[in-house]
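Chemist: For reference, the structure I am asking about is given below.
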Amino acid sequence: MLATIDYFFTISREMFERNRKHPSKKEEDHDKHHTPKAVIQCKEIFTSKMDGFGEAAPCLEMNTASERMLQSDSSGQLSGDGHVTLQDVIVCMKYGSWGPKIQAAVIEGHKLEKIIVKRFITLHKEIVIIQETTFWNCSMKKYTQDGDLIVFAFSFIRGEDTNIHYDEKGQKQGVTSMDFDTSTLKVSSKG
């Protein structure tokens, strides 16, 4: 008998441990005026007063993975069986007004049109987006809360991962992106 491992539990526990902080008063004040490293956007769940991100909330961490099974054939070449495994997207963030909405979406099982995660860096005192990952036709699947941290997982039908490159002077150099459909396993790449 094979033992099954709950991927969500393993990843969410790791996320909790990485993001578990009991900030001092100084850190709490910094967080109020600090631009997050990432935000998550979904019009049905999140609201914000951040400029340009009205349907967003700060995101601590996102985990996504894909895997293609390969094996060596009799000629020594690697070949695949055409099966691709996409893990659910797992997100860790602080608890907020979105917590009950996410939990309700898991329980009710309704579809969400689009979820976007954007990552930022500061270049020459300017905040720029370096990655934008968009997921369409999403279904919330799992929700966990541990103190002030929540972790949730969702599946999706179509996704796009976009990387925006900058040079050392902070000038935008280009965009690389990959758009994929899980129902057809078709990929469209740019850049």
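Numbering starts fresh at 1 for the residues of each chain in the structure tokens, the chains themselves are lettered A, B, ... in the order given, and ligands are numbered from 1 as they appear.
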Hey, what does DSSP flag as strand (DSSP E or B) within range 53-147 of chain A? Can you give it to me as a PyMOL selection string?

Modeler: chain A and resi 53+56-58+61-63+66-72+78-86+89-94+111-123+126-146

Chemist: What are the nearest atom pairs, with distances in Å to one decimal, for all residues of range 35-113 of chain A that come at most 12 Å from range 159-169 of chain A, using only C-alpha atoms, set out by chain and rising residue number as a Markdown table?

Modeler:
| residue | atom | partner | partner_atom | distance |
| --- | --- | --- | --- | --- |
| A:Thr64 | CA | A:Asp161 | CA | 10.9 |
| A:Ser66 | CA | A:Gly159 | CA | 11.9 |
| A:Leu86 | CA | A:Gly159 | CA | 11.1 |
| A:Asp88 | CA | A:Gly159 | CA | 12.0 |
| A:Val89 | CA | A:Gly159 | CA | 10.8 |
| A:Glu113 | CA | A:Gly159 | CA | 11.8 |

Chemist: Save the residues we just selected, C-alpha atoms, as a PDB file, in the first residue's frame?

Modeler:
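Saved the output as again-v9.pdb:
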ATOM      1  CA  THR A  64       2.770  26.769  -8.208  1.00  0.00           C
ATOM      2  CA  SER A  66       3.936  21.666 -13.086  1.00  0.00           C
ATOM      3  CA  LEU A  86      -0.349  20.823 -12.479  1.00  0.00           C
ATOM      4  CA  ASP A  88      -2.989  23.645  -7.265  1.00  0.00           C
ATOM      5  CA  VAL A  89      -1.776  27.204  -6.796  1.00  0.00           C
ATOM      6  CA  GLU A 113     -13.279  34.606 -13.256  1.00  0.00           C
TER       7      GLU A 113
END

Chemist: Determine the nearest neighbour of Leu149 in chain A from the options A:Met15, A:Glu61, A:Thr10, A:Met93, counting only C-alpha atoms.

Modeler: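 Closest to Leu149 in chain A of all the choices is A:Met93.
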
Chemist: For each of A:Lys186, A:Arg13, A:Arg20, A:Lys37, take the minimum atom-to-atom distance to Phe120 in chain A, counting only C-alpha atoms, then give the residue where this is smallest.

Modeler: A:Lys37

Chemist: Could you work out how far CA of Ser97 in chain A lies from CA of Ile121 in chain A, giving the answer in Å with one decimal?

Modeler: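 Distance reported for this atom pair: 25.9 Å.
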
Chemist: Using only C-alpha atoms, determine which residues lie at most 10 Å from Phe154 in chain A, disregarding the query and same-chain residues fewer than 5 positions distant; provide the list as a ChimeraX atom specification.

Modeler: /A:87-91,106,112,115,135,138-143

Chemist: Sorted by chain and rising residue number, list the residues of range 104-138 of chain A at most 7 Å from range 38-45 of chain A (counting only C-alpha atoms), each with its closest atom pair and distance in Å to one decimal, as CSV.

Modeler:
residue,atom,partner,partner_atom,distance
A:Lys114,CA,A:Cys42,CA,6.2
A:Ile115,CA,A:Cys42,CA,4.9
A:Ile116,CA,A:Gln41,CA,5.0
A:Val117,CA,A:Ile40,CA,4.4
A:Lys118,CA,A:Ala38,CA,5.4
A:Arg119,CA,A:Ala38,CA,4.2
A:Phe120,CA,A:Ala38,CA,5.9

Chemist: One decimal, in Å: what's the spacing between CA of Leu60 in chain A and CA of Asn19 in chain A?

Modeler: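 Distance reported for this atom pair: 7.2 Å.
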
Chemist: Enumerate, as a PDB file with all heavy atoms, in the first residue's frame, the complete set of residues in range 24-131 of chain A that a backbone-based DSSP assignment places in helix (DSSP H, G or I).

Modeler:
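The file below, states-v9.pdb, is the result:
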ATOM      1  N   LYS A  25       6.549  46.563  17.444  1.00  0.00           N
ATOM      2  CA  LYS A  25       5.789  47.772  17.110  1.00  0.00           C
ATOM      3  C   LYS A  25       6.439  48.487  15.924  1.00  0.00           C
ATOM      4  O   LYS A  25       5.759  48.950  15.021  1.00  0.00           O
ATOM      5  CB  LYS A  25       5.717  48.688  18.339  1.00  0.00           C
ATOM      6  CG  LYS A  25       4.968  49.966  18.111  1.00  0.00           C
ATOM      7  CD  LYS A  25       3.483  49.732  17.950  1.00  0.00           C
ATOM      8  CE  LYS A  25       2.765  51.056  17.849  1.00  0.00           C
ATOM      9  NZ  LYS A  25       1.698  51.078  16.915  1.00  0.00           N
ATOM     10  N   LYS A  26       7.774  48.533  15.900  1.00  0.00           N
ATOM     11  CA  LYS A  26       8.494  49.195  14.812  1.00  0.00           C
ATOM     12  C   LYS A  26       8.186  48.518  13.470  1.00  0.00           C
ATOM     13  O   LYS A  26       7.935  49.180  12.476  1.00  0.00           O
ATOM     14  CB  LYS A  26       9.989  49.168  15.100  1.00  0.00           C
ATOM     15  CG  LYS A  26      10.818  49.946  14.106  1.00  0.00           C
ATOM     16  CD  LYS A  26      12.268  49.943  14.525  1.00  0.00           C
ATOM     17  CE  LYS A  26      13.111  50.722  13.539  1.00  0.00           C
ATOM     18  NZ  LYS A  26      14.516  50.724  13.879  1.00  0.00           N
ATOM     19  N   GLU A  27       8.188  47.178  13.431  1.00  0.00           N
ATOM     20  CA  GLU A  27       7.886  46.457  12.197  1.00  0.00           C
ATOM     21  C   GLU A  27       6.450  46.666  11.768  1.00  0.00           C
ATOM     22  O   GLU A  27       6.158  46.790  10.591  1.00  0.00           O
ATOM     23  CB  GLU A  27       8.161  44.968  12.369  1.00  0.00           C
ATOM     24  CG  GLU A  27       9.639  44.633  12.381  1.00  0.00           C
ATOM     25  CD  GLU A  27       9.888  43.184  12.686  1.00  0.00           C
ATOM     26  OE1 GLU A  27       9.090  42.574  13.413  1.00  0.00           O
ATOM     27  OE2 GLU A  27      10.901  42.664  12.197  1.00  0.00           O
ATOM     28  N   GLU A  28       5.492  46.715  12.739  1.00  0.00           N
ATOM     29  CA  GLU A  28       4.092  46.949  12.400  1.00  0.00           C
ATOM     30  C   GLU A  28       3.918  48.315  11.746  1.00  0.00           C
ATOM     31  O   GLU A  28       3.204  48.459  10.770  1.00  0.00           O
ATOM     32  CB  GLU A  28       3.220  46.850  13.651  1.00  0.00           C
ATOM     33  CG  GLU A  28       3.026  45.427  14.128  1.00  0.00           C
ATOM     34  CD  GLU A  28       2.254  45.346  15.424  1.00  0.00           C
ATOM     35  OE1 GLU A  28       1.980  46.403  16.029  1.00  0.00           O
ATOM     36  OE2 GLU A  28       1.938  44.222  15.835  1.00  0.00           O
ATOM     37  N   ASP A  29       4.591  49.339  12.275  1.00  0.00           N
ATOM     38  CA  ASP A  29       4.515  50.675  11.678  1.00  0.00           C
ATOM     39  C   ASP A  29       5.104  50.668  10.279  1.00  0.00           C
ATOM     40  O   ASP A  29       4.573  51.283   9.369  1.00  0.00           O
ATOM     41  CB  ASP A  29       5.262  51.704  12.542  1.00  0.00           C
ATOM     42  CG  ASP A  29       4.522  52.019  13.835  1.00  0.00           C
ATOM     43  OD1 ASP A  29       3.304  51.722  13.916  1.00  0.00           O
ATOM     44  OD2 ASP A  29       5.162  52.540  14.765  1.00  0.00           O
ATOM     45  N   HIS A  30       6.214  49.936  10.103  1.00  0.00           N
ATOM     46  CA  HIS A  30       6.837  49.836   8.778  1.00  0.00           C
ATOM     47  C   HIS A  30       5.879  49.177   7.790  1.00  0.00           C
ATOM     48  O   HIS A  30       5.738  49.635   6.657  1.00  0.00           O
ATOM     49  CB  HIS A  30       8.139  49.040   8.884  1.00  0.00           C
ATOM     50  CG  HIS A  30       8.776  48.755   7.567  1.00  0.00           C
ATOM     51  ND1 HIS A  30       9.420  49.713   6.828  1.00  0.00           N
ATOM     52  CD2 HIS A  30       8.840  47.618   6.835  1.00  0.00           C
ATOM     53  CE1 HIS A  30       9.868  49.189   5.707  1.00  0.00           C
ATOM     54  NE2 HIS A  30       9.535  47.911   5.686  1.00  0.00           N
ATOM     55  N   ASP A  31       5.191  48.102   8.201  1.00  0.00           N
ATOM     56  CA  ASP A  31       4.279  47.388   7.305  1.00  0.00           C
ATOM     57  C   ASP A  31       3.140  48.270   6.823  1.00  0.00           C
ATOM     58  O   ASP A  31       2.664  48.124   5.708  1.00  0.00           O
ATOM     59  CB  ASP A  31       3.698  46.144   7.993  1.00  0.00           C
ATOM     60  CG  ASP A  31       4.728  45.029   8.081  1.00  0.00           C
ATOM     61  OD1 ASP A  31       5.755  45.120   7.366  1.00  0.00           O
ATOM     62  OD2 ASP A  31       4.514  44.097   8.866  1.00  0.00           O
ATOM     63  N   LYS A  32       2.671  49.201   7.648  1.00  0.00           N
ATOM     64  CA  LYS A  32       1.563  50.074   7.261  1.00  0.00           C
ATOM     65  C   LYS A  32       1.934  50.991   6.112  1.00  0.00           C
ATOM     66  O   LYS A  32       1.086  51.403   5.336  1.00  0.00           O
ATOM     67  CB  LYS A  32       1.120  50.933   8.460  1.00  0.00           C
ATOM     68  CG  LYS A  32       0.410  50.136   9.531  1.00  0.00           C
ATOM     69  CD  LYS A  32       0.055  51.042  10.685  1.00  0.00           C
ATOM     70  CE  LYS A  32      -0.505  50.235  11.841  1.00  0.00           C
ATOM     71  NZ  LYS A  32      -0.693  51.062  13.034  1.00  0.00           N
ATOM     72  N   TRP A  98     -10.829  39.393   3.528  1.00  0.00           N
ATOM     73  CA  TRP A  98     -10.926  38.383   2.467  1.00  0.00           C
ATOM     74  C   TRP A  98     -10.980  36.958   3.023  1.00  0.00           C
ATOM     75  O   TRP A  98     -11.415  36.060   2.319  1.00  0.00           O
ATOM     76  CB  TRP A  98      -9.737  38.506   1.515  1.00  0.00           C
ATOM     77  CG  TRP A  98      -8.436  38.698   2.233  1.00  0.00           C
ATOM     78  CD1 TRP A  98      -7.635  37.731   2.798  1.00  0.00           C
ATOM     79  CD2 TRP A  98      -7.804  39.938   2.508  1.00  0.00           C
ATOM     80  NE1 TRP A  98      -6.544  38.291   3.394  1.00  0.00           N
ATOM     81  CE2 TRP A  98      -6.618  39.656   3.237  1.00  0.00           C
ATOM     82  CE3 TRP A  98      -8.091  41.267   2.221  1.00  0.00           C
ATOM     83  CZ2 TRP A  98      -5.734  40.645   3.671  1.00  0.00           C
ATOM     84  CZ3 TRP A  98      -7.221  42.252   2.651  1.00  0.00           C
ATOM     85  CH2 TRP A  98      -6.057  41.934   3.371  1.00  0.00           C
ATOM     86  N   GLY A  99     -10.551  36.742   4.252  1.00  0.00           N
ATOM     87  CA  GLY A  99     -10.552  35.398   4.838  1.00  0.00           C
ATOM     88  C   GLY A  99     -11.906  34.702   4.751  1.00  0.00           C
ATOM     89  O   GLY A  99     -12.010  33.605   4.192  1.00  0.00           O
ATOM     90  N   PRO A 100     -12.978  35.321   5.285  1.00  0.00           N
ATOM     91  CA  PRO A 100     -14.293  34.683   5.183  1.00  0.00           C
ATOM     92  C   PRO A 100     -14.767  34.503   3.738  1.00  0.00           C
ATOM     93  O   PRO A 100     -15.440  33.525   3.429  1.00  0.00           O
ATOM     94  CB  PRO A 100     -15.210  35.652   5.943  1.00  0.00           C
ATOM     95  CG  PRO A 100     -14.304  36.375   6.884  1.00  0.00           C
ATOM     96  CD  PRO A 100     -13.004  36.506   6.154  1.00  0.00           C
ATOM     97  N   LYS A 101     -14.394  35.426   2.849  1.00  0.00           N
ATOM     98  CA  LYS A 101     -14.804  35.318   1.445  1.00  0.00           C
ATOM     99  C   LYS A 101     -14.128  34.122   0.772  1.00  0.00           C
ATOM    100  O   LYS A 101     -14.759  33.406  -0.009  1.00  0.00           O
ATOM    101  CB  LYS A 101     -14.470  36.602   0.689  1.00  0.00           C
ATOM    102  CG  LYS A 101     -15.275  37.805   1.141  1.00  0.00           C
ATOM    103  CD  LYS A 101     -14.839  39.054   0.408  1.00  0.00           C
ATOM    104  CE  LYS A 101     -15.572  40.284   0.894  1.00  0.00           C
ATOM    105  NZ  LYS A 101     -15.105  41.498   0.199  1.00  0.00           N
ATOM    106  N   ILE A 102     -12.851  33.913   1.077  1.00  0.00           N
ATOM    107  CA  ILE A 102     -12.140  32.766   0.498  1.00  0.00           C
ATOM    108  C   ILE A 102     -12.726  31.468   1.032  1.00  0.00           C
ATOM    109  O   ILE A 102     -12.977  30.523   0.283  1.00  0.00           O
ATOM    110  CB  ILE A 102     -10.629  32.848   0.789  1.00  0.00           C
ATOM    111  CG1 ILE A 102     -10.026  34.067   0.091  1.00  0.00           C
ATOM    112  CG2 ILE A 102      -9.918  31.568   0.346  1.00  0.00           C
ATOM    113  CD1 ILE A 102      -8.608  34.396   0.525  1.00  0.00           C
ATOM    114  N   GLN A 103     -12.961  31.447   2.352  1.00  0.00           N
ATOM    115  CA  GLN A 103     -13.521  30.240   2.956  1.00  0.00           C
ATOM    116  C   GLN A 103     -14.896  29.927   2.369  1.00  0.00           C
ATOM    117  O   GLN A 103     -15.209  28.769   2.068  1.00  0.00           O
ATOM    118  CB  GLN A 103     -13.605  30.398   4.469  1.00  0.00           C
ATOM    119  CG  GLN A 103     -13.817  29.104   5.186  1.00  0.00           C
ATOM    120  CD  GLN A 103     -13.557  29.222   6.682  1.00  0.00           C
ATOM    121  OE1 GLN A 103     -13.370  30.304   7.214  1.00  0.00           O
ATOM    122  NE2 GLN A 103     -13.546  28.095   7.345  1.00  0.00           N
ATOM    123  N   ALA A 104     -15.728  30.958   2.165  1.00  0.00           N
ATOM    124  CA  ALA A 104     -17.049  30.760   1.553  1.00  0.00           C
ATOM    125  C   ALA A 104     -16.915  30.232   0.128  1.00  0.00           C
ATOM    126  O   ALA A 104     -17.672  29.350  -0.288  1.00  0.00           O
ATOM    127  CB  ALA A 104     -17.838  32.063   1.564  1.00  0.00           C
ATOM    128  N   ALA A 105     -15.924  30.745  -0.634  1.00  0.00           N
ATOM    129  CA  ALA A 105     -15.712  30.283  -2.012  1.00  0.00           C
ATOM    130  C   ALA A 105     -15.318  28.804  -2.034  1.00  0.00           C
ATOM    131  O   ALA A 105     -15.724  28.070  -2.933  1.00  0.00           O
ATOM    132  CB  ALA A 105     -14.647  31.130  -2.698  1.00  0.00           C
ATOM    133  N   VAL A 106     -14.549  28.352  -1.030  1.00  0.00           N
ATOM    134  CA  VAL A 106     -14.191  26.935  -0.942  1.00  0.00           C
ATOM    135  C   VAL A 106     -15.443  26.109  -0.678  1.00  0.00           C
ATOM    136  O   VAL A 106     -15.711  25.116  -1.355  1.00  0.00           O
ATOM    137  CB  VAL A 106     -13.142  26.692   0.170  1.00  0.00           C
ATOM    138  CG1 VAL A 106     -12.957  25.196   0.419  1.00  0.00           C
ATOM    139  CG2 VAL A 106     -11.815  27.334  -0.186  1.00  0.00           C
ATOM    140  N   ILE A 107     -16.235  26.532   0.298  1.00  0.00           N
ATOM    141  CA  ILE A 107     -17.413  25.761   0.705  1.00  0.00           C
ATOM    142  C   ILE A 107     -18.488  25.759  -0.383  1.00  0.00           C
ATOM    143  O   ILE A 107     -19.076  24.728  -0.687  1.00  0.00           O
ATOM    144  CB  ILE A 107     -17.968  26.297   2.040  1.00  0.00           C
ATOM    145  CG1 ILE A 107     -16.938  26.027   3.156  1.00  0.00           C
ATOM    146  CG2 ILE A 107     -19.315  25.667   2.385  1.00  0.00           C
ATOM    147  CD1 ILE A 107     -17.184  26.767   4.440  1.00  0.00           C
ATOM    148  N   GLU A 108     -18.734  26.922  -0.991  1.00  0.00           N
ATOM    149  CA  GLU A 108     -19.788  27.033  -2.005  1.00  0.00           C
ATOM    150  C   GLU A 108     -19.370  26.455  -3.351  1.00  0.00           C
ATOM    151  O   GLU A 108     -20.205  26.060  -4.152  1.00  0.00           O
ATOM    152  CB  GLU A 108     -20.197  28.493  -2.184  1.00  0.00           C
ATOM    153  CG  GLU A 108     -20.872  29.075  -0.959  1.00  0.00           C
ATOM    154  CD  GLU A 108     -21.090  30.570  -1.070  1.00  0.00           C
ATOM    155  OE1 GLU A 108     -20.538  31.217  -1.984  1.00  0.00           O
ATOM    156  OE2 GLU A 108     -21.823  31.100  -0.222  1.00  0.00           O
TER     157      GLU A 108
END

Chemist: Please measure the separation of CA of Asn63 in chain A and CA of Phe46 in chain A, giving the value in Å to one decimal.

Modeler: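 Result for CA of Asn63 in chain A versus CA of Phe46 in chain A: 19.1 Å, one decimal.
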
Chemist: With a distance cut-off of 10 Å and only C-alpha atoms, select the neighbouring residues of Tyr95 in chain A, excluding the residue or stretch itself and same-chain residues fewer than 5 positions from it, and output the selection as a list in words.

Modeler: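 Neighbouring residues, sequence-local ones excluded: Pro100, Gln145, Asp146, Gly147, Asp148, Leu149, Ile150 and Val151 of chain A.
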
Chemist: With C-alpha atoms retained, export the selected residues as a compact mmCIF listing (two decimals), in the first residue's frame.

Modeler:
# COMPACT_ATOMS: atom_id res chain seq x y z
CA PRO A 100 -14.29 34.68 5.18
CA GLN A 145 -5.85 29.57 9.04
CA ASP A 146 -3.09 29.59 11.64
CA GLY A 147 -3.23 32.69 13.83
CA ASP A 148 -3.05 35.72 11.58
CA LEU A 149 -1.86 33.77 8.52
CA ILE A 150 -4.04 32.05 5.97
CA VAL A 151 -3.12 29.64 3.20
